[in-house]
Amino acid sequence: GVLSLPAGIAAFGNAPSALIPATILTTAIGAISAYTFMLIARVCQMTGATSYADAWDKTRGTKTSWVVALSSALDCFMGNLSYSMILADSIRDLLSTFSIATTRTRSLIGVTTLILLPLCLVKNLATLAPFSLLGIIGMAYTSFAIGIRYFGGAYAAGGKFLPDIGASLQPSFGTVGAAGVVSPNSLILVCMLSTAYIAHFNAPRFFRELKDNTMSRFGKVTGISFGISTAIYAIVSAMAFLTFGANCDGLILNNYSTKDLLISASRFAVAISLIFSY
């Protein structure tokens with residue numbers, strides 16, 4: 001998601017002007033994702049399909065249905081893997097805020113056995129539905145916190161929290177800007193963006209459950225939703241990149257001090273968001 005995009009920008013540039021092609025890529029891939037999202041709904045409308053797999057069967061045949069099953073399984077596996085990686089970092093840094101030293105591995109084992117496993121064994125997940133709102137609130141708060149730290153200069157030269165973080169995570173800027181996008185490394189950002197916008201398996205359900213579900217109305221809803229996501233991705237990744245430059249970590253929250261209570265609250269919010277969407 002958005003917390004990895006600054007590292008994608010840093011993969012090909014280390015100067016502020018790298019944000020120009022990054023923003024163009026974010027917008028272009030967002031538009032393509034919105035269009036393909038609507039295409040899936042259109043196929044469902046034309047064929048009467050009620051799910052992504054059903055749409056595949058009715059257009060491509062059942063002989064290749066294993067393609068959808070495999071891609072769905074891989075998507076879920078990689079999603080859970082990335083969630084676990086982020087949770088391991090977040091829990092470790094949260095405990096460090098309270099002067100509790102632990103390793104990334106122990107944090108992962110703890111959150112998996114004590115929280116994730118019991119939740120995965122729950123047969124009816126309907127009771128967890130209200131917690132999805134917490135995830136949205138948590139990401140909104142995290143975006144707000146990143147903005148405060150950027151505009152407040154807490155991690156700039158002489159900043160309050162700069163001495164607390166290692167040299168490899170401190171702000172670093174160079175001369176490779178917009179021109180760096182021609183490097184193959186820019187494909188790292190492209191891959192991150194393609195994953196960040198993934199919601200397409202849910203398109204049939206969203207279309208089916210939308211009130212007055214005409215394609216015109218669904219297109220409007222899709223455009224607004226992906227437009228908001230694109231704006232958030234562009235703005236938040238820009239603020240984070242302008243804060244840490246070339247040293248942006250794959251999980252941008254790792255760049256911030258564990259003594260920064262504002263960001264510690266973000267780590268907690270992100271952890272809660274991931275736990276209830278795992």
# chains A, B, ... in the order shown; residues from 1 in each chain; ligands from 1

call {"tool": "residues_around", "arguments": {"residues": "region 78-81 of chain A", "least_positions_apart": "3", "cutoff": "12 Å", "atoms": "only C-alpha atoms", "output": "list in words"}}
result
Gly1, Ser71, Ser72, Ala73, Leu74, Asp75, Ser84, Met85, Ile86, Leu87, Ala88, Leu108, Thr112, Leu116, Cys120, Thr195, Ala196, Ile198, Ala199, Leu274, Ile275, Phe276, Ser277 and Tyr278 of chain A

call {"tool": "write_last_selection", "arguments": {"atoms": "N, CA, C and O atoms", "output": "mmCIF file, in the first residue's frame"}}
result
data_model
loop_
_atom_site.group_PDB
_atom_site.id
_atom_site.type_symbol
_atom_site.label_atom_id
_atom_site.label_comp_id
_atom_site.auth_asym_id
_atom_site.auth_seq_id
_atom_site.Cartn_x
_atom_site.Cartn_y
_atom_site.Cartn_z
ATOM 1 N N GLY A 1 0.816 -1.206 0.000
ATOM 2 C CA GLY A 1 0.000 0.000 0.000
ATOM 3 C C GLY A 1 0.845 1.249 0.000
ATOM 4 O O GLY A 1 2.007 1.243 -0.390
ATOM 5 N N SER A 71 -4.205 -17.852 -9.171
ATOM 6 C CA SER A 71 -3.870 -16.442 -8.987
ATOM 7 C C SER A 71 -4.477 -15.899 -7.703
ATOM 8 O O SER A 71 -3.847 -15.099 -6.987
ATOM 9 N N SER A 72 -5.689 -16.337 -7.381
ATOM 10 C CA SER A 72 -6.334 -15.894 -6.143
ATOM 11 C C SER A 72 -5.565 -16.408 -4.927
ATOM 12 O O SER A 72 -5.357 -15.672 -3.954
ATOM 13 N N ALA A 73 -5.157 -17.677 -4.990
ATOM 14 C CA ALA A 73 -4.408 -18.260 -3.875
ATOM 15 C C ALA A 73 -3.071 -17.555 -3.682
ATOM 16 O O ALA A 73 -2.678 -17.232 -2.553
ATOM 17 N N LEU A 74 -2.372 -17.289 -4.790
ATOM 18 C CA LEU A 74 -1.080 -16.601 -4.708
ATOM 19 C C LEU A 74 -1.246 -15.174 -4.202
ATOM 20 O O LEU A 74 -0.435 -14.686 -3.411
ATOM 21 N N ASP A 75 -2.316 -14.512 -4.654
ATOM 22 C CA ASP A 75 -2.573 -13.140 -4.222
ATOM 23 C C ASP A 75 -2.812 -13.097 -2.715
ATOM 24 O O ASP A 75 -2.261 -12.244 -2.010
ATOM 25 N N SER A 84 2.163 -9.887 7.418
ATOM 26 C CA SER A 84 2.957 -10.419 8.526
ATOM 27 C C SER A 84 4.272 -9.664 8.675
ATOM 28 O O SER A 84 4.726 -9.390 9.793
ATOM 29 N N MET A 85 4.893 -9.312 7.568
ATOM 30 C CA MET A 85 6.144 -8.553 7.600
ATOM 31 C C MET A 85 5.934 -7.192 8.247
ATOM 32 O O MET A 85 6.719 -6.751 9.091
ATOM 33 N N ILE A 86 4.838 -6.522 7.859
ATOM 34 C CA ILE A 86 4.554 -5.195 8.409
ATOM 35 C C ILE A 86 4.198 -5.292 9.890
ATOM 36 O O ILE A 86 4.643 -4.474 10.706
ATOM 37 N N LEU A 87 3.409 -6.307 10.249
ATOM 38 C CA LEU A 87 3.035 -6.487 11.652
ATOM 39 C C LEU A 87 4.258 -6.768 12.520
ATOM 40 O O LEU A 87 4.361 -6.269 13.645
ATOM 41 N N ALA A 88 5.194 -7.569 12.009
ATOM 42 C CA ALA A 88 6.405 -7.882 12.769
ATOM 43 C C ALA A 88 7.184 -6.608 13.077
ATOM 44 O O ALA A 88 7.626 -6.386 14.218
ATOM 45 N N LEU A 108 6.691 -11.442 15.433
ATOM 46 C CA LEU A 108 5.859 -12.131 14.443
ATOM 47 C C LEU A 108 5.213 -13.381 15.033
ATOM 48 O O LEU A 108 4.017 -13.627 14.847
ATOM 49 N N THR A 112 1.172 -13.733 15.638
ATOM 50 C CA THR A 112 0.548 -14.804 14.856
ATOM 51 C C THR A 112 -0.187 -15.796 15.741
ATOM 52 O O THR A 112 -1.338 -16.162 15.471
ATOM 53 N N LEU A 116 -3.570 -13.520 15.371
ATOM 54 C CA LEU A 116 -3.986 -13.883 14.011
ATOM 55 C C LEU A 116 -4.607 -15.279 13.936
ATOM 56 O O LEU A 116 -5.646 -15.465 13.291
ATOM 57 N N CYS A 120 -8.322 -16.255 12.638
ATOM 58 C CA CYS A 120 -8.484 -17.088 11.444
ATOM 59 C C CYS A 120 -9.378 -18.299 11.721
ATOM 60 O O CYS A 120 -9.959 -18.869 10.792
ATOM 61 N N THR A 195 0.124 -3.407 -7.169
ATOM 62 C CA THR A 195 -0.369 -4.129 -5.998
ATOM 63 C C THR A 195 -1.235 -3.235 -5.123
ATOM 64 O O THR A 195 -2.258 -3.673 -4.580
ATOM 65 N N ALA A 196 -0.822 -1.973 -4.982
ATOM 66 C CA ALA A 196 -1.544 -1.041 -4.109
ATOM 67 C C ALA A 196 -2.983 -0.821 -4.557
ATOM 68 O O ALA A 196 -3.876 -0.592 -3.724
ATOM 69 N N ILE A 198 -4.897 -3.042 -6.134
ATOM 70 C CA ILE A 198 -5.646 -4.285 -6.331
ATOM 71 C C ILE A 198 -6.896 -4.317 -5.452
ATOM 72 O O ILE A 198 -6.821 -4.204 -4.229
ATOM 73 N N ALA A 199 -8.031 -4.446 -6.106
ATOM 74 C CA ALA A 199 -9.307 -4.660 -5.409
ATOM 75 C C ALA A 199 -10.244 -5.375 -6.369
ATOM 76 O O ALA A 199 -11.430 -5.500 -6.115
ATOM 77 N N LEU A 274 -4.327 -3.969 9.909
ATOM 78 C CA LEU A 274 -3.894 -5.196 9.255
ATOM 79 C C LEU A 274 -4.445 -6.446 9.940
ATOM 80 O O LEU A 274 -4.811 -7.418 9.283
ATOM 81 N N ILE A 275 -4.509 -6.398 11.253
ATOM 82 C CA ILE A 275 -5.004 -7.560 11.998
ATOM 83 C C ILE A 275 -6.434 -7.896 11.610
ATOM 84 O O ILE A 275 -6.790 -9.058 11.386
ATOM 85 N N PHE A 276 -7.273 -6.862 11.472
ATOM 86 C CA PHE A 276 -8.686 -7.120 11.186
ATOM 87 C C PHE A 276 -8.983 -7.216 9.689
ATOM 88 O O PHE A 276 -10.133 -7.390 9.287
ATOM 89 N N SER A 277 -7.958 -7.092 8.860
ATOM 90 C CA SER A 277 -8.151 -7.331 7.428
ATOM 91 C C SER A 277 -7.317 -8.510 6.955
ATOM 92 O O SER A 277 -7.241 -8.807 5.772
ATOM 93 N N TYR A 278 -6.669 -9.191 7.889
ATOM 94 C CA TYR A 278 -5.762 -10.302 7.565
ATOM 95 C C TYR A 278 -6.491 -11.434 6.858
ATOM 96 O O TYR A 278 -6.018 -11.972 5.875
#

call {"tool": "residues_around", "arguments": {"residues": "Ala157 (chain A)", "least_positions_apart": "3", "cutoff": "12 Å", "atoms": "only C-alpha atoms", "output": "ChimeraX atom specification"}}
result
/A:152-154,160-163,170-172,243-244

call {"tool": "write_last_selection", "arguments": {"atoms": "C-alpha atoms", "output": "mmCIF file, in the first residue's frame"}}
result
data_model
loop_
_atom_site.group_PDB
_atom_site.id
_atom_site.type_symbol
_atom_site.label_atom_id
_atom_site.label_comp_id
_atom_site.auth_asym_id
_atom_site.auth_seq_id
_atom_site.Cartn_x
_atom_site.Cartn_y
_atom_site.Cartn_z
ATOM 1 C CA GLY A 152 7.200 20.284 11.201
ATOM 2 C CA GLY A 153 10.756 19.356 10.200
ATOM 3 C CA ALA A 154 11.188 16.930 13.108
ATOM 4 C CA LYS A 160 14.028 16.700 17.341
ATOM 5 C CA PHE A 161 14.010 13.014 16.403
ATOM 6 C CA LEU A 162 16.890 12.873 13.928
ATOM 7 C CA PRO A 163 19.503 11.670 16.471
ATOM 8 C CA GLN A 170 18.181 9.277 8.101
ATOM 9 C CA PRO A 171 17.243 11.716 5.308
ATOM 10 C CA SER A 172 19.522 11.502 2.290
ATOM 11 C CA THR A 243 11.254 13.681 4.516
ATOM 12 C CA PHE A 244 13.747 10.814 4.024
#

call {"tool": "residues_around", "arguments": {"residues": "region 201-211 of chain A", "least_positions_apart": "4", "cutoff": "12 Å", "atoms": "only C-alpha atoms", "output": "ChimeraX atom specification"}}
result
/A:33-56,68-69,71-73,75-76,197,215-222

call {"tool": "residues_around", "arguments": {"residues": "region 20-29 of chain A", "least_positions_apart": "6", "cutoff": "12 Å", "atoms": "only C-alpha atoms", "output": "ChimeraX atom specification"}}
result
/A:1-2,5-14,35-37,177-183,186-198,226-238,241

call {"tool": "residues_around", "arguments": {"residues": "region 142-147 of chain A", "least_positions_apart": "3", "cutoff": "9 Å", "atoms": "only C-alpha atoms", "output": "PDB file with N, CA, C and O atoms, in the first residue's frame"}}
result
ATOM      1  N   ILE A 137      -9.839   4.637   9.427  1.00  0.00           N
ATOM      2  CA  ILE A 137      -9.467   5.718  10.343  1.00  0.00           C
ATOM      3  C   ILE A 137      -7.973   5.671  10.641  1.00  0.00           C
ATOM      4  O   ILE A 137      -7.291   6.702  10.687  1.00  0.00           O
ATOM      5  N   GLY A 138      -7.454   4.438  10.818  1.00  0.00           N
ATOM      6  CA  GLY A 138      -6.037   4.284  11.122  1.00  0.00           C
ATOM      7  C   GLY A 138      -5.141   4.779  10.003  1.00  0.00           C
ATOM      8  O   GLY A 138      -4.137   5.468  10.256  1.00  0.00           O
ATOM      9  N   MET A 139      -5.485   4.460   8.758  1.00  0.00           N
ATOM     10  CA  MET A 139      -4.672   4.914   7.633  1.00  0.00           C
ATOM     11  C   MET A 139      -4.794   6.423   7.436  1.00  0.00           C
ATOM     12  O   MET A 139      -3.830   7.088   7.055  1.00  0.00           O
ATOM     13  N   TYR A 150       6.509  15.917   8.326  1.00  0.00           N
ATOM     14  CA  TYR A 150       7.179  16.547   7.188  1.00  0.00           C
ATOM     15  C   TYR A 150       7.181  18.064   7.330  1.00  0.00           C
ATOM     16  O   TYR A 150       8.236  18.708   7.265  1.00  0.00           O
ATOM     17  N   PHE A 151       6.022  18.638   7.543  1.00  0.00           N
ATOM     18  CA  PHE A 151       5.928  20.092   7.634  1.00  0.00           C
ATOM     19  C   PHE A 151       6.555  20.642   8.910  1.00  0.00           C
ATOM     20  O   PHE A 151       7.019  21.787   8.942  1.00  0.00           O
ATOM     21  N   GLY A 152       6.603  19.827   9.951  1.00  0.00           N
ATOM     22  CA  GLY A 152       7.200  20.284  11.201  1.00  0.00           C
ATOM     23  C   GLY A 152       8.711  20.192  11.231  1.00  0.00           C
ATOM     24  O   GLY A 152       9.353  20.771  12.100  1.00  0.00           O
ATOM     25  N   ILE A 232      -4.435  10.250  -2.343  1.00  0.00           N
ATOM     26  CA  ILE A 232      -3.797   9.892  -1.075  1.00  0.00           C
ATOM     27  C   ILE A 232      -2.422   9.287  -1.323  1.00  0.00           C
ATOM     28  O   ILE A 232      -1.437   9.647  -0.659  1.00  0.00           O
ATOM     29  N   ILE A 235       0.048  12.123  -2.488  1.00  0.00           N
ATOM     30  CA  ILE A 235       0.375  13.120  -1.465  1.00  0.00           C
ATOM     31  C   ILE A 235       1.191  12.526  -0.328  1.00  0.00           C
ATOM     32  O   ILE A 235       2.228  13.076   0.074  1.00  0.00           O
ATOM     33  N   VAL A 236       0.747  11.384   0.196  1.00  0.00           N
ATOM     34  CA  VAL A 236       1.441  10.780   1.334  1.00  0.00           C
ATOM     35  C   VAL A 236       2.835  10.295   0.941  1.00  0.00           C
ATOM     36  O   VAL A 236       3.810  10.517   1.670  1.00  0.00           O
ATOM     37  N   MET A 239       5.165  13.328   0.654  1.00  0.00           N
ATOM     38  CA  MET A 239       5.605  13.884   1.944  1.00  0.00           C
ATOM     39  C   MET A 239       6.647  12.989   2.601  1.00  0.00           C
ATOM     40  O   MET A 239       7.638  13.478   3.171  1.00  0.00           O
ATOM     41  N   ALA A 240       6.440  11.679   2.521  1.00  0.00           N
ATOM     42  CA  ALA A 240       7.398  10.758   3.124  1.00  0.00           C
ATOM     43  C   ALA A 240       8.735  10.790   2.379  1.00  0.00           C
ATOM     44  O   ALA A 240       9.802  10.795   3.003  1.00  0.00           O
ATOM     45  N   THR A 243      10.724  13.731   3.148  1.00  0.00           N
ATOM     46  CA  THR A 243      11.254  13.681   4.516  1.00  0.00           C
ATOM     47  C   THR A 243      12.547  12.884   4.576  1.00  0.00           C
ATOM     48  O   THR A 243      13.517  13.294   5.209  1.00  0.00           O
ATOM     49  N   LEU A 253       7.250   3.651   7.961  1.00  0.00           N
ATOM     50  CA  LEU A 253       7.176   3.902   9.399  1.00  0.00           C
ATOM     51  C   LEU A 253       8.454   3.485  10.110  1.00  0.00           C
ATOM     52  O   LEU A 253       8.748   3.973  11.208  1.00  0.00           O
ATOM     53  N   LEU A 262       3.739  10.282  18.165  1.00  0.00           N
ATOM     54  CA  LEU A 262       2.773  10.504  17.093  1.00  0.00           C
ATOM     55  C   LEU A 262       2.819   9.354  16.088  1.00  0.00           C
ATOM     56  O   LEU A 262       1.787   8.832  15.660  1.00  0.00           O
ATOM     57  N   ILE A 263       4.031   8.934  15.734  1.00  0.00           N
ATOM     58  CA  ILE A 263       4.208   7.830  14.792  1.00  0.00           C
ATOM     59  C   ILE A 263       3.956   6.491  15.467  1.00  0.00           C
ATOM     60  O   ILE A 263       3.467   5.545  14.827  1.00  0.00           O
ATOM     61  N   ALA A 265       1.658   5.924  17.558  1.00  0.00           N
ATOM     62  CA  ALA A 265       0.204   5.765  17.451  1.00  0.00           C
ATOM     63  C   ALA A 265      -0.165   5.296  16.043  1.00  0.00           C
ATOM     64  O   ALA A 265      -1.106   4.511  15.867  1.00  0.00           O
ATOM     65  N   SER A 266       0.576   5.754  15.053  1.00  0.00           N
ATOM     66  CA  SER A 266       0.351   5.297  13.679  1.00  0.00           C
ATOM     67  C   SER A 266       0.668   3.814  13.541  1.00  0.00           C
ATOM     68  O   SER A 266      -0.054   3.074  12.867  1.00  0.00           O
ATOM     69  N   ARG A 267       1.759   3.395  14.158  1.00  0.00           N
ATOM     70  CA  ARG A 267       2.115   1.971  14.115  1.00  0.00           C
ATOM     71  C   ARG A 267       1.000   1.123  14.731  1.00  0.00           C
ATOM     72  O   ARG A 267       0.656   0.053  14.212  1.00  0.00           O
ATOM     73  N   ALA A 269      -2.170   1.983  14.910  1.00  0.00           N
ATOM     74  CA  ALA A 269      -3.322   2.070  14.011  1.00  0.00           C
ATOM     75  C   ALA A 269      -3.155   1.138  12.815  1.00  0.00           C
ATOM     76  O   ALA A 269      -4.104   0.455  12.403  1.00  0.00           O
ATOM     77  N   VAL A 270      -1.939   1.105  12.247  1.00  0.00           N
ATOM     78  CA  VAL A 270      -1.671   0.235  11.100  1.00  0.00           C
ATOM     79  C   VAL A 270      -1.779  -1.234  11.515  1.00  0.00           C
ATOM     80  O   VAL A 270      -2.337  -2.067  10.786  1.00  0.00           O
TER      81      VAL A 270
END

call {"tool": "atom_distance", "arguments": {"atom1": "CA of Leu133 (chain A)", "atom2": "CA of Ser273 (chain A)"}}
result
8.7 Å

call {"tool": "closest_residue", "arguments": {"among": "A:Leu3, A:Ser132, A:Arg149, A:Asp260", "to": "Phe98 (chain A)", "atoms": "only C-alpha atoms"}}
result
A:Asp260

call {"tool": "closest_residue", "arguments": {"among": "A:Ser264, A:Lys58, A:Asp93, A:Ser257", "to": "Gly159 (chain A)", "atoms": "only C-alpha atoms"}}
result
A:Ser257

call {"tool": "atom_distance", "arguments": {"atom1": "CA of Thr59 (chain A)", "atom2": "CA of Ser225 (chain A)"}}
result
27.1 Å

call {"tool": "atom_distance", "arguments": {"atom1": "CA of Asp164 (chain A)", "atom2": "CA of Ile91 (chain A)"}}
result
18.3 Å

call {"tool": "closest_residue", "arguments": {"among": "A:Pro118, A:Gly30, A:Thr97, A:Leu242", "to": "Gly174 (chain A)", "atoms": "only C-alpha atoms"}}
result
A:Leu242

call {"tool": "select_by_dssp", "arguments": {"residues": "region 67-229 of chain A", "states": "helix (DSSP H, G or I)", "output": "VMD selection string"}}
result
chain A and resid 67 to 97 104 to 120 125 to 152 162 to 164 167 to 169 178 to 182 186 to 196 200 to 209 215 to 229

call {"tool": "closest_residue", "arguments": {"among": "A:Asn247, A:Ser4, A:Ser99, A:Thr62", "to": "Ala167 (chain A)", "atoms": "only C-alpha atoms"}}
result
A:Asn247
